[in-house]
Each structure stands twice: as C-alpha cells, then as structure tokens.
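A.B. asks: What follows is the file work_4.csv, containing CSV, C-alpha atoms:
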chain,number,residue,atom,x,y,z
S,28,MET,CA,29.5,5.0,-9.0
S,29,SER,CA,25.8,4.9,-8.8
S,30,GLU,CA,24.2,1.4,-8.7
S,31,PHE,CA,21.6,2.6,-11.2
S,32,PRO,CA,22.1,3.7,-14.8
S,33,THR,CA,21.9,7.4,-15.2
S,34,SER,CA,20.7,9.6,-18.1
S,35,THR,CA,20.7,13.3,-18.6
S,36,SER,CA,18.5,13.2,-21.7
S,37,ASN,CA,15.0,14.7,-21.3
S,38,MET,CA,11.8,13.8,-23.1
S,39,THR,CA,11.0,16.5,-25.5
S,40,LEU,CA,8.8,17.4,-28.5
S,41,ASP,CA,5.1,17.0,-28.2
S,42,ASP,CA,4.4,15.1,-25.0
S,43,ALA,CA,1.4,16.8,-23.6
S,44,SER,CA,1.0,18.1,-20.0
S,45,THR,CA,-2.6,17.5,-18.7
S,46,LEU,CA,-4.6,17.9,-15.5
S,47,CYS,CA,-7.6,16.3,-14.0
S,48,GLU,CA,-10.0,19.0,-12.9
S,49,HIS,CA,-11.6,16.6,-10.4
S,50,CYS,CA,-8.6,15.3,-8.4
S,51,ASP,CA,-5.9,17.7,-9.5
S,52,TRP,CA,-3.5,15.0,-10.6
S,53,GLY,CA,-1.4,15.9,-13.5
S,54,PHE,CA,-0.1,13.6,-16.2
S,55,LEU,CA,2.2,13.5,-19.2
S,56,VAL,CA,0.3,12.0,-22.2
S,57,PRO,CA,2.0,10.7,-25.3
S,58,ALA,CA,1.7,13.0,-28.3
S,59,GLY,CA,-1.0,12.3,-30.8
S,60,GLU,CA,-3.2,10.2,-28.4
S,61,ALA,CA,-6.7,11.2,-27.4
S,62,LEU,CA,-6.9,12.6,-23.9
S,63,PRO,CA,-8.1,9.7,-21.6
S,64,VAL,CA,-10.2,9.6,-18.5
S,65,CYS,CA,-8.1,10.3,-15.4
S,66,PRO,CA,-6.7,6.9,-14.3
S,67,HIS,CA,-6.5,8.1,-10.7
S,68,CYS,CA,-10.2,9.1,-10.0
S,69,GLN,CA,-11.9,7.8,-13.2
S,70,ARG,CA,-14.3,10.7,-13.0
S,71,ALA,CA,-13.1,13.3,-15.5
S,72,VAL,CA,-11.4,13.5,-18.9
S,73,LEU,CA,-7.9,15.0,-18.6
S,74,THR,CA,-7.6,18.6,-19.7
S,75,LEU,CA,-4.7,19.8,-21.8
S,76,THR,CA,-2.7,22.5,-20.0
S,77,ALA,CA,0.4,23.0,-22.0
S,78,GLN,CA,2.9,21.3,-24.3
S,79,LEU,CA,6.3,20.2,-22.9
S,80,ALA,CA,8.9,22.6,-24.0
S,81,ALA,CA,12.3,21.3,-25.1
S,82,GLY,CA,14.6,20.9,-22.1
S,83,ALA,CA,11.7,20.9,-19.6
S,84,ALA,CA,12.0,18.6,-16.6
S,85,ALA,CA,11.0,15.0,-17.5
S,86,PRO,CA,11.6,11.5,-16.3
S,87,GLU,CA,15.1,10.2,-16.8
S,88,LEU,CA,14.8,6.7,-15.4
S,89,ALA,CA,11.9,4.2,-15.5
S,90,VAL,CA,11.4,1.0,-13.6
S,91,PRO,CA,9.8,-1.5,-16.1
S,92,PHE,CA,6.7,-3.5,-15.6
S,93,SER,CA,7.7,-7.0,-14.6
S,94,VAL,CA,4.6,-8.7,-13.1
S,95,THR,CA,3.8,-11.9,-15.0
S,96,ASP,CA,0.4,-12.5,-16.8
S,97,VAL,CA,-0.3,-15.4,-14.5
S,98,ASP,CA,0.3,-13.5,-11.3
S,99,LEU,CA,-1.6,-10.5,-12.6
S,100,THR,CA,-4.7,-12.6,-13.6
S,101,ALA,CA,-4.6,-14.5,-10.3
S,102,ASN,CA,-4.4,-11.3,-8.2
S,103,LEU,CA,-7.2,-9.7,-10.1
S,104,GLN,CA,-9.3,-12.8,-9.7
S,105,ARG,CA,-8.8,-12.8,-5.9
S,106,PHE,CA,-9.7,-9.1,-5.7
S,107,ALA,CA,-12.9,-9.5,-7.7
S,108,SER,CA,-14.1,-12.5,-5.7
S,109,GLY,CA,-14.4,-13.5,-2.0
S,110,PHE,CA,-17.4,-11.5,-1.0
S,111,LEU,CA,-21.2,-11.6,-1.5
S,112,PHE,CA,-23.2,-9.4,-3.8
S,113,ALA,CA,-20.3,-8.3,-5.9
S,114,PRO,CA,-21.3,-5.9,-8.7
S,115,PRO,CA,-21.7,-7.7,-12.0
S,116,ASP,CA,-19.1,-5.4,-13.5
S,117,LEU,CA,-16.4,-6.4,-11.0
S,118,THR,CA,-14.7,-9.3,-12.8
S,119,ALA,CA,-11.1,-10.2,-13.4
S,120,GLY,CA,-11.7,-10.0,-17.1
S,121,ASN,CA,-13.2,-6.5,-17.0
S,122,LEU,CA,-10.4,-5.2,-14.8
S,123,ARG,CA,-7.8,-6.7,-17.1
S,124,SER,CA,-9.3,-5.4,-20.2
S,125,ARG,CA,-9.3,-1.8,-18.8
S,126,LEU,CA,-5.7,-1.8,-17.6
S,127,GLN,CA,-3.9,1.5,-18.2
S,128,SER,CA,-0.1,1.7,-17.8
S,129,LEU,CA,0.8,4.5,-15.4
S,130,TYR,CA,4.1,5.7,-14.0
S,131,LEU,CA,4.4,7.4,-10.6
S,132,PRO,CA,7.3,9.8,-9.9
S,133,ARG,CA,10.1,9.6,-7.3
S,134,TRP,CA,13.3,11.6,-6.9
S,135,LEU,CA,16.8,10.1,-6.5
S,136,VAL,CA,19.5,12.4,-5.2
S,137,ASP,CA,23.3,12.1,-5.1
S,138,CYS,CA,25.3,14.5,-2.9
S,139,ASP,CA,28.7,15.0,-1.2
S,140,VAL,CA,28.7,15.0,2.6
S,141,GLN,CA,31.4,16.3,5.0
S,142,ALA,CA,30.6,16.1,8.7
S,143,GLU,CA,32.0,16.0,12.2
S,144,TRP,CA,30.1,13.3,14.1
S,145,ARG,CA,29.7,12.0,17.7
S,146,ALA,CA,27.8,8.9,18.9
S,147,GLU,CA,27.5,6.2,21.5
S,148,VAL,CA,28.4,2.8,20.0
S,149,GLY,CA,27.5,-0.5,21.7
S,150,PHE,CA,29.5,-3.7,21.7
S,151,ASN,CA,27.9,-7.0,22.7
S,152,TYR,CA,29.6,-9.2,25.2
S,153,GLN,CA,28.5,-12.2,27.2
S,154,VAL,CA,28.4,-12.6,30.9
S,155,VAL,CA,28.6,-16.2,32.3
S,156,SER,CA,27.1,-17.0,35.7
S,157,HIS,CA,25.8,-20.0,37.5
S,158,GLU,CA,22.4,-20.6,39.0
S,159,ASP,CA,21.6,-23.1,41.7
S,160,GLN,CA,18.2,-24.9,41.6
S,161,TYR,CA,16.8,-27.6,43.9
S,162,SER,CA,15.6,-30.7,42.1
S,163,ASP,CA,12.6,-32.5,43.7
S,164,ALA,CA,13.5,-35.6,41.6
S,165,THR,CA,17.0,-36.0,42.9
S,166,ARG,CA,16.5,-34.1,46.2
S,167,GLN,CA,19.7,-32.3,45.5
S,168,TRP,CA,20.9,-28.8,44.5
S,169,GLN,CA,22.0,-28.6,40.9
S,170,SER,CA,24.1,-25.8,39.3
S,171,ARG,CA,23.6,-24.7,35.7
S,172,GLU,CA,25.5,-22.2,33.5
S,173,VAL,CA,23.6,-19.1,32.4
S,174,ARG,CA,24.9,-16.9,29.6
S,175,GLU,CA,23.6,-13.3,29.3
S,176,THR,CA,24.3,-10.9,26.4
S,177,ARG,CA,25.0,-7.3,27.5
S,178,VAL,CA,26.0,-4.2,25.7
S,179,ARG,CA,29.0,-2.0,26.6
S,180,TRP,CA,28.5,1.6,25.4
S,181,GLU,CA,31.4,3.8,24.5
S,182,THR,CA,31.6,7.3,23.0
S,183,ARG,CA,33.2,7.8,19.6
S,184,VAL,CA,33.8,10.9,17.5
S,185,GLY,CA,35.0,11.2,13.9
S,186,ARG,CA,35.0,12.9,10.6
S,187,LEU,CA,32.9,11.7,7.7
S,188,VAL,CA,33.7,12.5,4.0
S,189,ARG,CA,31.4,10.6,1.6
S,190,ARG,CA,29.3,10.8,-1.5
S,191,TYR,CA,25.9,9.2,-1.1
S,192,GLU,CA,24.1,8.1,-4.3
S,193,ASN,CA,20.5,7.2,-5.2
S,194,VAL,CA,18.9,8.5,-2.0
S,195,VAL,CA,15.2,8.1,-2.5
S,196,ALA,CA,12.9,11.1,-1.9
S,197,PRO,CA,9.2,11.5,-2.7
S,198,ALA,CA,8.2,13.5,-5.8
S,199,MET,CA,4.5,13.6,-5.0
S,200,GLU,CA,2.4,14.3,-1.8
S,201,GLU,CA,0.7,10.9,-2.1
S,202,ASP,CA,4.0,8.9,-2.1
S,203,GLU,CA,3.5,7.5,1.4
S,204,ALA,CA,-0.1,6.5,0.6
S,205,VAL,CA,1.3,4.5,-2.4
S,206,ARG,CA,3.8,2.8,-0.2
S,207,GLN,CA,1.2,1.8,2.4
S,208,ARG,CA,-1.4,0.5,-0.1
S,209,LEU,CA,0.8,-1.1,-2.8
S,210,GLY,CA,4.1,-1.6,-1.2
S,211,ASP,CA,7.5,-0.3,-2.2
S,212,PHE,CA,9.4,-0.9,-5.5
S,213,ASP,CA,12.6,-2.6,-6.5
S,214,LEU,CA,14.6,0.1,-8.1
S,215,THR,CA,17.5,-2.0,-9.4
S,216,PRO,CA,15.9,-2.7,-12.9
S,217,ALA,CA,15.6,1.1,-13.5
S,218,ALA,CA,16.8,2.0,-17.0
S,219,PRO,CA,17.1,5.3,-18.9
S,220,VAL,CA,14.0,6.7,-20.7
S,221,ALA,CA,14.8,6.8,-24.4
S,222,GLY,CA,13.2,10.1,-25.3
S,223,ARG,CA,9.6,9.0,-25.1
S,224,LEU,CA,7.1,7.7,-22.6
S,225,PRO,CA,7.9,4.0,-22.0
S,226,GLU,CA,5.2,1.7,-23.2
S,227,SER,CA,3.0,4.7,-24.2
S,228,ALA,CA,2.0,5.0,-20.6
S,229,LEU,CA,0.8,8.0,-18.7
S,230,ILE,CA,3.2,9.6,-16.3
S,231,ARG,CA,2.1,11.3,-13.1
S,232,THR,CA,3.8,14.6,-12.9
S,233,ALA,CA,5.7,15.5,-9.7
S,234,ASN,CA,4.0,17.9,-7.3
S,235,ARG,CA,6.9,18.1,-5.0
S,236,SER,CA,10.0,20.1,-6.0
S,237,THR,CA,13.5,18.9,-5.3
S,238,GLU,CA,13.8,21.6,-2.7
S,239,ASP,CA,10.7,20.3,-0.9
S,240,ALA,CA,11.8,16.7,-1.3
S,241,TRP,CA,15.2,17.5,0.3
S,242,SER,CA,13.5,17.6,3.7
S,243,ASP,CA,12.9,13.8,3.3
S,244,ALA,CA,16.2,13.0,1.7
S,245,ALA,CA,18.3,14.6,4.4
S,246,PRO,CA,17.1,12.2,7.2
S,247,ALA,CA,17.7,9.2,4.9
S,248,ILE,CA,21.3,10.4,4.3
S,249,ARG,CA,21.7,10.8,8.1
S,250,GLN,CA,20.4,7.2,8.7
S,251,ARG,CA,23.0,5.9,6.1
S,252,ALA,CA,25.7,7.9,7.7
S,253,ALA,CA,24.9,6.6,11.2
S,254,ALA,CA,25.0,3.0,10.0
S,255,GLU,CA,28.3,3.5,8.3
S,256,CYS,CA,29.9,5.2,11.3
S,257,GLY,CA,28.7,2.3,13.5
S,258,ALA,CA,30.2,-0.2,11.0
S,259,ALA,CA,33.4,1.7,10.9
S,260,CYS,CA,33.7,1.4,14.7
S,261,ARG,CA,32.8,-2.3,14.3
S,262,ALA,CA,30.0,-1.7,16.8
S,263,HIS,CA,26.9,-3.8,17.1
S,264,HIS,CA,24.7,-0.8,18.1
S,265,ILE,CA,24.7,3.0,17.7
S,266,ARG,CA,22.7,5.6,19.4
S,267,GLU,CA,22.7,9.4,20.1
S,268,PHE,CA,24.2,10.0,16.7
S,269,GLU,CA,24.9,13.7,16.2
S,270,TRP,CA,26.6,15.4,13.3
S,271,ARG,CA,27.1,18.8,11.7
S,272,PRO,CA,26.9,18.0,7.9
S,273,GLN,CA,27.8,20.1,5.0
S,274,PHE,CA,26.1,19.0,1.8
S,275,GLY,CA,27.4,19.8,-1.7
S,276,ASN,CA,27.2,18.9,-5.4
S,277,ARG,CA,23.6,17.7,-5.3
S,278,GLN,CA,22.4,15.9,-8.4
S,279,TRP,CA,18.7,15.0,-8.8
S,280,THR,CA,17.3,12.2,-11.0
S,281,HIS,CA,13.6,11.9,-12.0
S,282,LEU,CA,12.6,8.3,-11.6
S,283,VAL,CA,9.2,6.8,-12.5
S,284,LEU,CA,7.6,3.6,-11.0
S,285,PRO,CA,5.2,1.2,-12.8
S,286,VAL,CA,1.6,0.9,-11.7
S,287,TYR,CA,-1.5,-0.4,-13.6
S,288,ALA,CA,-4.8,1.5,-13.2
S,289,SER,CA,-8.2,0.0,-13.8
S,290,TYR,CA,-11.8,0.4,-12.6
S,291,TYR,CA,-15.2,-1.2,-12.2
S,292,ALA,CA,-18.7,0.3,-11.9
S,293,ASP,CA,-21.5,-0.6,-9.5
S,294,ALA,CA,-25.2,-1.0,-10.4
S,295,ASP,CA,-25.8,2.7,-10.1
S,296,GLY,CA,-22.9,3.5,-12.5
S,297,VAL,CA,-20.5,4.8,-9.8
S,298,VAL,CA,-17.0,4.1,-10.9
S,299,TYR,CA,-14.3,2.8,-8.4
S,300,PRO,CA,-10.6,3.0,-9.4
S,301,VAL,CA,-8.3,0.0,-8.8
S,302,PHE,CA,-4.5,0.1,-8.8
S,303,ILE,CA,-2.1,-2.8,-9.4
S,304,HIS,CA,1.7,-2.8,-8.5
S,305,GLY,CA,3.6,-3.2,-11.7
S,306,GLN,CA,6.2,-5.5,-10.2
S,307,THR,CA,4.5,-7.6,-7.6
S,308,GLY,CA,0.9,-7.5,-8.9
S,309,LYS,CA,-0.6,-6.5,-5.6
S,310,VAL,CA,-4.1,-5.1,-6.1
S,311,TYR,CA,-5.5,-2.2,-4.1
S,312,GLY,CA,-9.0,-0.7,-4.4
S,313,ARG,CA,-12.3,-0.2,-2.7
S,314,LYS,CA,-14.5,-3.3,-2.9
S,315,GLN,CA,-18.1,-2.2,-3.0
S,316,ALA,CA,-20.9,-4.8,-2.5
S,317,ALA,CA,-24.1,-4.1,-4.5
S,318,PHE,CA,-27.1,-2.9,-2.5
S,319,ARG,CA,-29.7,-3.6,-5.1
S,320,PRO,CA,-29.5,-7.5,-5.3
S,321,ALA,CA,-29.2,-7.6,-1.5
S,322,ARG,CA,-32.3,-5.4,-1.2
S,323,ASN,CA,-34.2,-7.7,-3.7
S,324,LEU,CA,-33.2,-10.8,-1.7
S,325,THR,CA,-34.4,-9.1,1.5
S,326,LEU,CA,-37.8,-8.2,0.0
S,327,ALA,CA,-38.1,-11.8,-1.4
S,328,LEU,CA,-37.4,-13.4,2.0
S,329,GLY,CA,-39.6,-10.9,3.8
S,330,ALA,CA,-42.5,-11.6,1.3
S,331,ALA,CA,-42.1,-15.3,1.7
S,332,GLY,CA,-42.1,-15.0,5.5
S,333,LEU,CA,-45.2,-12.9,5.4
S,334,LEU,CA,-47.1,-15.4,3.2
S,335,ILE,CA,-46.1,-18.3,5.4
S,336,LEU,CA,-47.2,-16.4,8.5
S,337,LEU,CA,-50.6,-15.6,7.0
S,338,ALA,CA,-51.0,-19.2,5.8
S,339,SER,CA,-50.1,-20.5,9.3
S,340,LEU,CA,-52.5,-18.2,11.0
S,341,LEU,CA,-55.2,-19.4,8.6
S,342,LEU,CA,-54.5,-23.0,9.6
S,343,VAL,CA,-54.8,-22.2,13.3
S,344,LEU,CA,-58.2,-20.5,12.6
S,345,LEU,CA,-59.4,-23.5,10.6
S,346,GLU,CA,-58.6,-25.8,13.5
S,347,GLY,CA,-61.5,-24.2,15.4
S,348,PHE,CA,-64.0,-24.9,12.7
S,349,LEU,CA,-63.0,-28.4,11.7
S,350,VAL,CA,-63.5,-31.5,13.8
S,351,GLU,CA,-61.5,-34.6,14.2
S,352,THR,CA,-58.3,-33.0,13.1
S,353,GLY,CA,-56.5,-34.1,16.2
S,354,GLY,CA,-54.7,-30.7,16.4
S,355,ALA,CA,-52.7,-31.4,13.3
S,356,LEU,CA,-53.6,-28.0,11.7
S,357,SER,CA,-52.6,-26.2,14.9
S,358,GLY,CA,-49.3,-28.0,15.0
S,359,LEU,CA,-48.7,-27.2,11.3
S,360,GLY,CA,-49.7,-23.6,11.9
S,361,ALA,CA,-47.3,-23.3,14.8
S,362,LEU,CA,-44.5,-24.7,12.7
S,363,GLY,CA,-45.3,-22.3,9.9
S,364,VAL,CA,-45.1,-19.4,12.4
S,365,LEU,CA,-41.6,-20.4,13.4
S,366,VAL,CA,-40.5,-20.7,9.8
S,367,ALA,CA,-42.0,-17.3,9.1
S,368,MET,CA,-40.0,-15.8,12.0
S,369,ALA,CA,-36.8,-17.4,10.8
S,370,LEU,CA,-37.4,-16.0,7.3
S,371,GLY,CA,-38.0,-12.6,8.8
S,372,ILE,CA,-34.7,-12.6,10.7
S,373,ALA,CA,-32.9,-13.9,7.6
S,374,ALA,CA,-34.4,-11.1,5.5
S,375,VAL,CA,-32.4,-8.5,7.4
S,376,LEU,CA,-29.1,-10.3,6.8
S,377,PRO,CA,-28.4,-9.4,3.1
S,378,VAL,CA,-28.9,-5.7,3.6
S,379,ALA,CA,-27.0,-5.7,6.9
S,380,TYR,CA,-24.1,-7.6,5.3
S,381,VAL,CA,-23.8,-5.1,2.5
S,382,TRP,CA,-23.9,-2.1,4.8
S,383,ILE,CA,-21.3,-3.6,7.2
S,384,PHE,CA,-19.0,-4.8,4.4
S,385,ASN,CA,-19.0,-1.4,2.6
S,386,ARG,CA,-18.4,0.5,5.8
S,387,ARG,CA,-15.3,-1.6,6.5
S,388,GLN,CA,-13.7,-0.9,3.1
S,389,PRO,CA,-10.7,1.4,2.9
S,390,PRO,CA,-11.1,4.9,1.4
S,391,ASP,CA,-10.8,5.4,-2.3
S,392,PRO,CA,-7.3,4.4,-3.5
S,393,LEU,CA,-4.6,7.0,-3.1
S,394,LEU,CA,-7.0,9.9,-2.7
Turn the structure described in the file into structure tokens.
C.D. replies:
Amino acid sequence: MSEFPTSTSNMTLDDASTLCEHCDWGFLVPAGEALPVCPHCQRAVLTLTAQLAAGAAAPELAVPFSVTDVDLTANLQRFASGFLFAPPDLTAGNLRSRLQSLYLPRWLVDCDVQAEWRAEVGFNYQVVSHEDQYSDATRQWQSREVRETRVRWETRVGRLVRRYENVVAPAMEEDEAVRQRLGDFDLTPAAPVAGRLPESALIRTANRSTEDAWSDAAPAIRQRAAAECGAACRAHHIREFEWRPQFGNRQWTHLVLPVYASYYADADGVVYPVFIHGQTGKVYGRKQAAFRPARNLTLALGAAGLLILLASLLLVLLEGFLVETGGALSGLGALGVLVAMALGIAAVLPVAYVWIFNRRQPPDPLL
C-alpha cells in the first residue's frame, strides 16, 4: 500500500483558473474572491482565463502548513535585518502582514515494474597485515597490526517484479529552483484535498504534464530498483546496474506543497517578492539595499570634508599674516586637511557598499 493517503476526488465547481501576464505563472483562485496580484512576481493582477470544469485535473493531496509562528517571525526578522541601508518597507512585520498562502504542485506516480537486471555488487572484507617501524625511543623495531577494508566485486543477475509507489516527479519547470532555494518538503503529512482549496490559498497550476514528468520519474524508479537489488544480494555496494524494465499500471496523483509568498518595496516603489517554506520557515528572496540613504550619507560626508578642507586651508593662510602664533594655526590646518581626506575616503564607502551588496544578491526568487 502507498504510505500516503490517496484520494480520487477532484476539486470542482467555481474555482477559477488564472494567469499572470507578466511571468506566465498560472493559479487556481478560490471562487468568489477578488483576483489578487501575482504572488510570484508581484507585478501584475492575475487575469481570469477559464472556470474549472467538473472533472478537470485538480490537486488530490496537500501537505499542510506546519511552521510555527515563533519560527516564522524569527526567520522573517533575520531576513529583514543584518545589512546596512535596508529599505524602510523591509520589516518582519510588513512581510508577515502580507503573507499569502500558496501551494506548488508536484506529481506522485505508482507503477508496476518487471525487469531483467544485471549488476556488479561489492562485499566489504578486511585484510590484516603487519607493519614494522623503527622506534628511536627504544632503538628497536616494532610491529603493529594494520587492518584495511577492501571490496570484492561479483556479478549478479536476476528478475525484478515490484510495484513502486509515491515516486516523486516535478509538475512545474521551476521545481528544481524551488528545491535549491527553499529546500525539499516532508511529504508524510500529505492529506486528501476535501473538494476545495485548502486554507483558501492559491494553487500554482502544473505546467508539466504527466507524460513529460515521466522522464524524471523513471530514473528515480531505477535508483530505487538498484538499491533494492543490492539489498537483496546483501551487498554493501552496487555498480554498473543494467536493466530492461517494463512499466505498467501507472497511476498519477497531483500533490501540492505549502509556501508563503510576501513582498517588500524599495524607496523607488520597486517590489521584491519573498518566499517562505511552509514547513521549515526558510526564507528566500532578494535583499536590496537602498541607494538613496547611502547617497545622502555620501553627500553629507563629502560636504563636511569639503568644509573642513576649506577651513584648514584658511588657517594655513592666516598663519602667514599673524605673528606670534608659534605655528599653531599651521598645525591645526594640517590636522584639518587629514580629517578632510579621511572624510573624503569615507564618503565613498556607503555608495560602494550598496553597489557591492546588491550585485552579490541572488536573482529574483524562482524566476
């Protein structure tokens, strides 16, 4: 039996199919709700494309949101802090208040497999030898035992008849990007979708068909089969696994995974999307340092340095017209020139920091 609960009921009635004309992501939106801004790019309002017809493909299983409020708040706080010149809009409170529940699709496939297989399997064994070493302390030769683990390879052949269940396959082109940026998901809490979008969330529609996703599922099945053949041989290693499989009775399940979407805006009103893993609370997004406050600080430091430089030069000039100063004005003027130079160098740092920080940021999330 499958380790996950299964359901054959589809979501029906008036759940709306929408599309973002900016990023081409499609979503299922609960019936009766106003069309929101695209949670993926945050740049366009979703456009209604069609109504879900009865019996149309729809999610069957959903992994619930399970991140705690404490972890969610702490992760958002870490994301929003830790760098200079953060936009005023980038706060944990703003990110939390704008959270949008979002589900991303993935396929699960069950199938029967019959195959003739051949592989080289390895068995660990230990070789005991002795090594002689001369000791300067005792001025004698000493022998010590040395144990070395080696692998004995043997050829095995066999026939495999199995049914593999819940093999994961991507349902969207961006699936690998999600894994890299947010991490994978624990699928064991998956539960049937009871006829409506869970938690009134948006659901990203699949853009990979089951036929297309099979090219990713087949290698995963092969990997499982190789591991099981090695275990059946009681081997420690397996290599050069070859098989001629016949797949039958494929059954696909549409699973959806929990993600929160949020956003913040910089001083120029440019919006940056942020995504949060619905189980672990891991946050991913582009952090954008604000250029305007850095520029203002640069101008202020530069202006202060220029004023001190002019005042210092004036003191040096006055030294030539005043008597009995003992060179005090010249010394003070020289000190002022050094301070002005230091301020001039410091004036470049804020703008340079923002430029370097922004260039080092990852690309926009999941785009």
A.B. asks: Calculate how many Å separate CA of Thr100 (chain S) from CA of Tyr287 (chain S), rounding to one decimal.
C.D. replies: 12.6 Å
A.B. asks: Counting only C-alpha atoms, what is within 9 Å of Gln104 (chain S), bar same-chain residues fewer than 4 positions away, as a ChimeraX atom specification?
C.D. replies: /S:99-100,108,118-120
A.B. asks: Just want the 7 Å neighbourhood of Val286 (chain S), counted on only C-alpha atoms, with same-chain residues fewer than 3 positions away dropped. Output as a list in words.
C.D. replies: Ser128, Leu129, Tyr130, Phe302, Ile303, His304 and Gly305 of chain S
A.B. asks: Given all atoms listed in the file as the basis, pick out the residue of S:Ala142, S:Ala113, S:Ala247, S:Leu122 nearest to Val381 (chain S).
C.D. replies: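 Distance minimum relative to Val381 (chain S) lands on S:Ala113.
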A.B. asks: Find, counting only C-alpha atoms, the residue in S:Cys65, S:Met368, S:Val154, S:Ala196 that gets nearest to Ser289 (chain S).
C.D. replies: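 Closest candidate: S:Cys65.
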A.B. asks: Check the smallest atom-to-atom distance from each of S:Lys309, S:Arg70, S:Arg235, S:Arg249 to Arg208 (chain S) using only C-alpha atoms, then report the winner.
C.D. replies: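 So, comparing all the options, the nearest one is S:Lys309.
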A.B. asks: For CA of His263 (chain S) and CA of Asp213 (chain S), quote the distance in Å rounded to one decimal.
C.D. replies: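 Going from CA of His263 (chain S) over to CA of Asp213 (chain S) covers 27.6 Å.
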A.B. asks: I want to know what sits within 12 Å of Pro320 (chain S), based on only C-alpha atoms, with residues of the same chain fewer than 2 positions away left out; could you give that as number ranges by chain?
C.D. replies: S: 111-115, 293-295, 316-318, 322-327, 377-378, 380-381
A.B. asks: Suppose you want the space between CA of Arg125 (chain S) and CA of Pro66 (chain S); what is it in Å?
C.D. replies: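 For CA of Arg125 (chain S) relative to CA of Pro66 (chain S), the distance reads 10.1 Å.
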A.B. asks: Between S:Leu284, S:Val155, S:Leu342, S:Leu365, which is the closest to Ile230 (chain S) once you count all atoms listed in the file?
C.D. replies: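 Among the listed residues, the smallest separation from Ile230 (chain S) belongs to S:Leu284.
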A.B. asks: For a quick check of understanding, using only C-alpha atoms, which of S:Leu55, S:Val364, S:Leu62, S:Ala244 has the smallest distance to Ala85 (chain S)?
C.D. replies: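 Among the listed residues, the smallest separation from Ala85 (chain S) belongs to S:Leu55.
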A.B. asks: S:Gln141, S:Ser162, S:Asn102, S:Ser236: which is nearest Asn276 (chain S), counting all atoms listed in the file?
C.D. replies: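 Closest to Asn276 (chain S), using all atoms listed in the file: S:Gln141.
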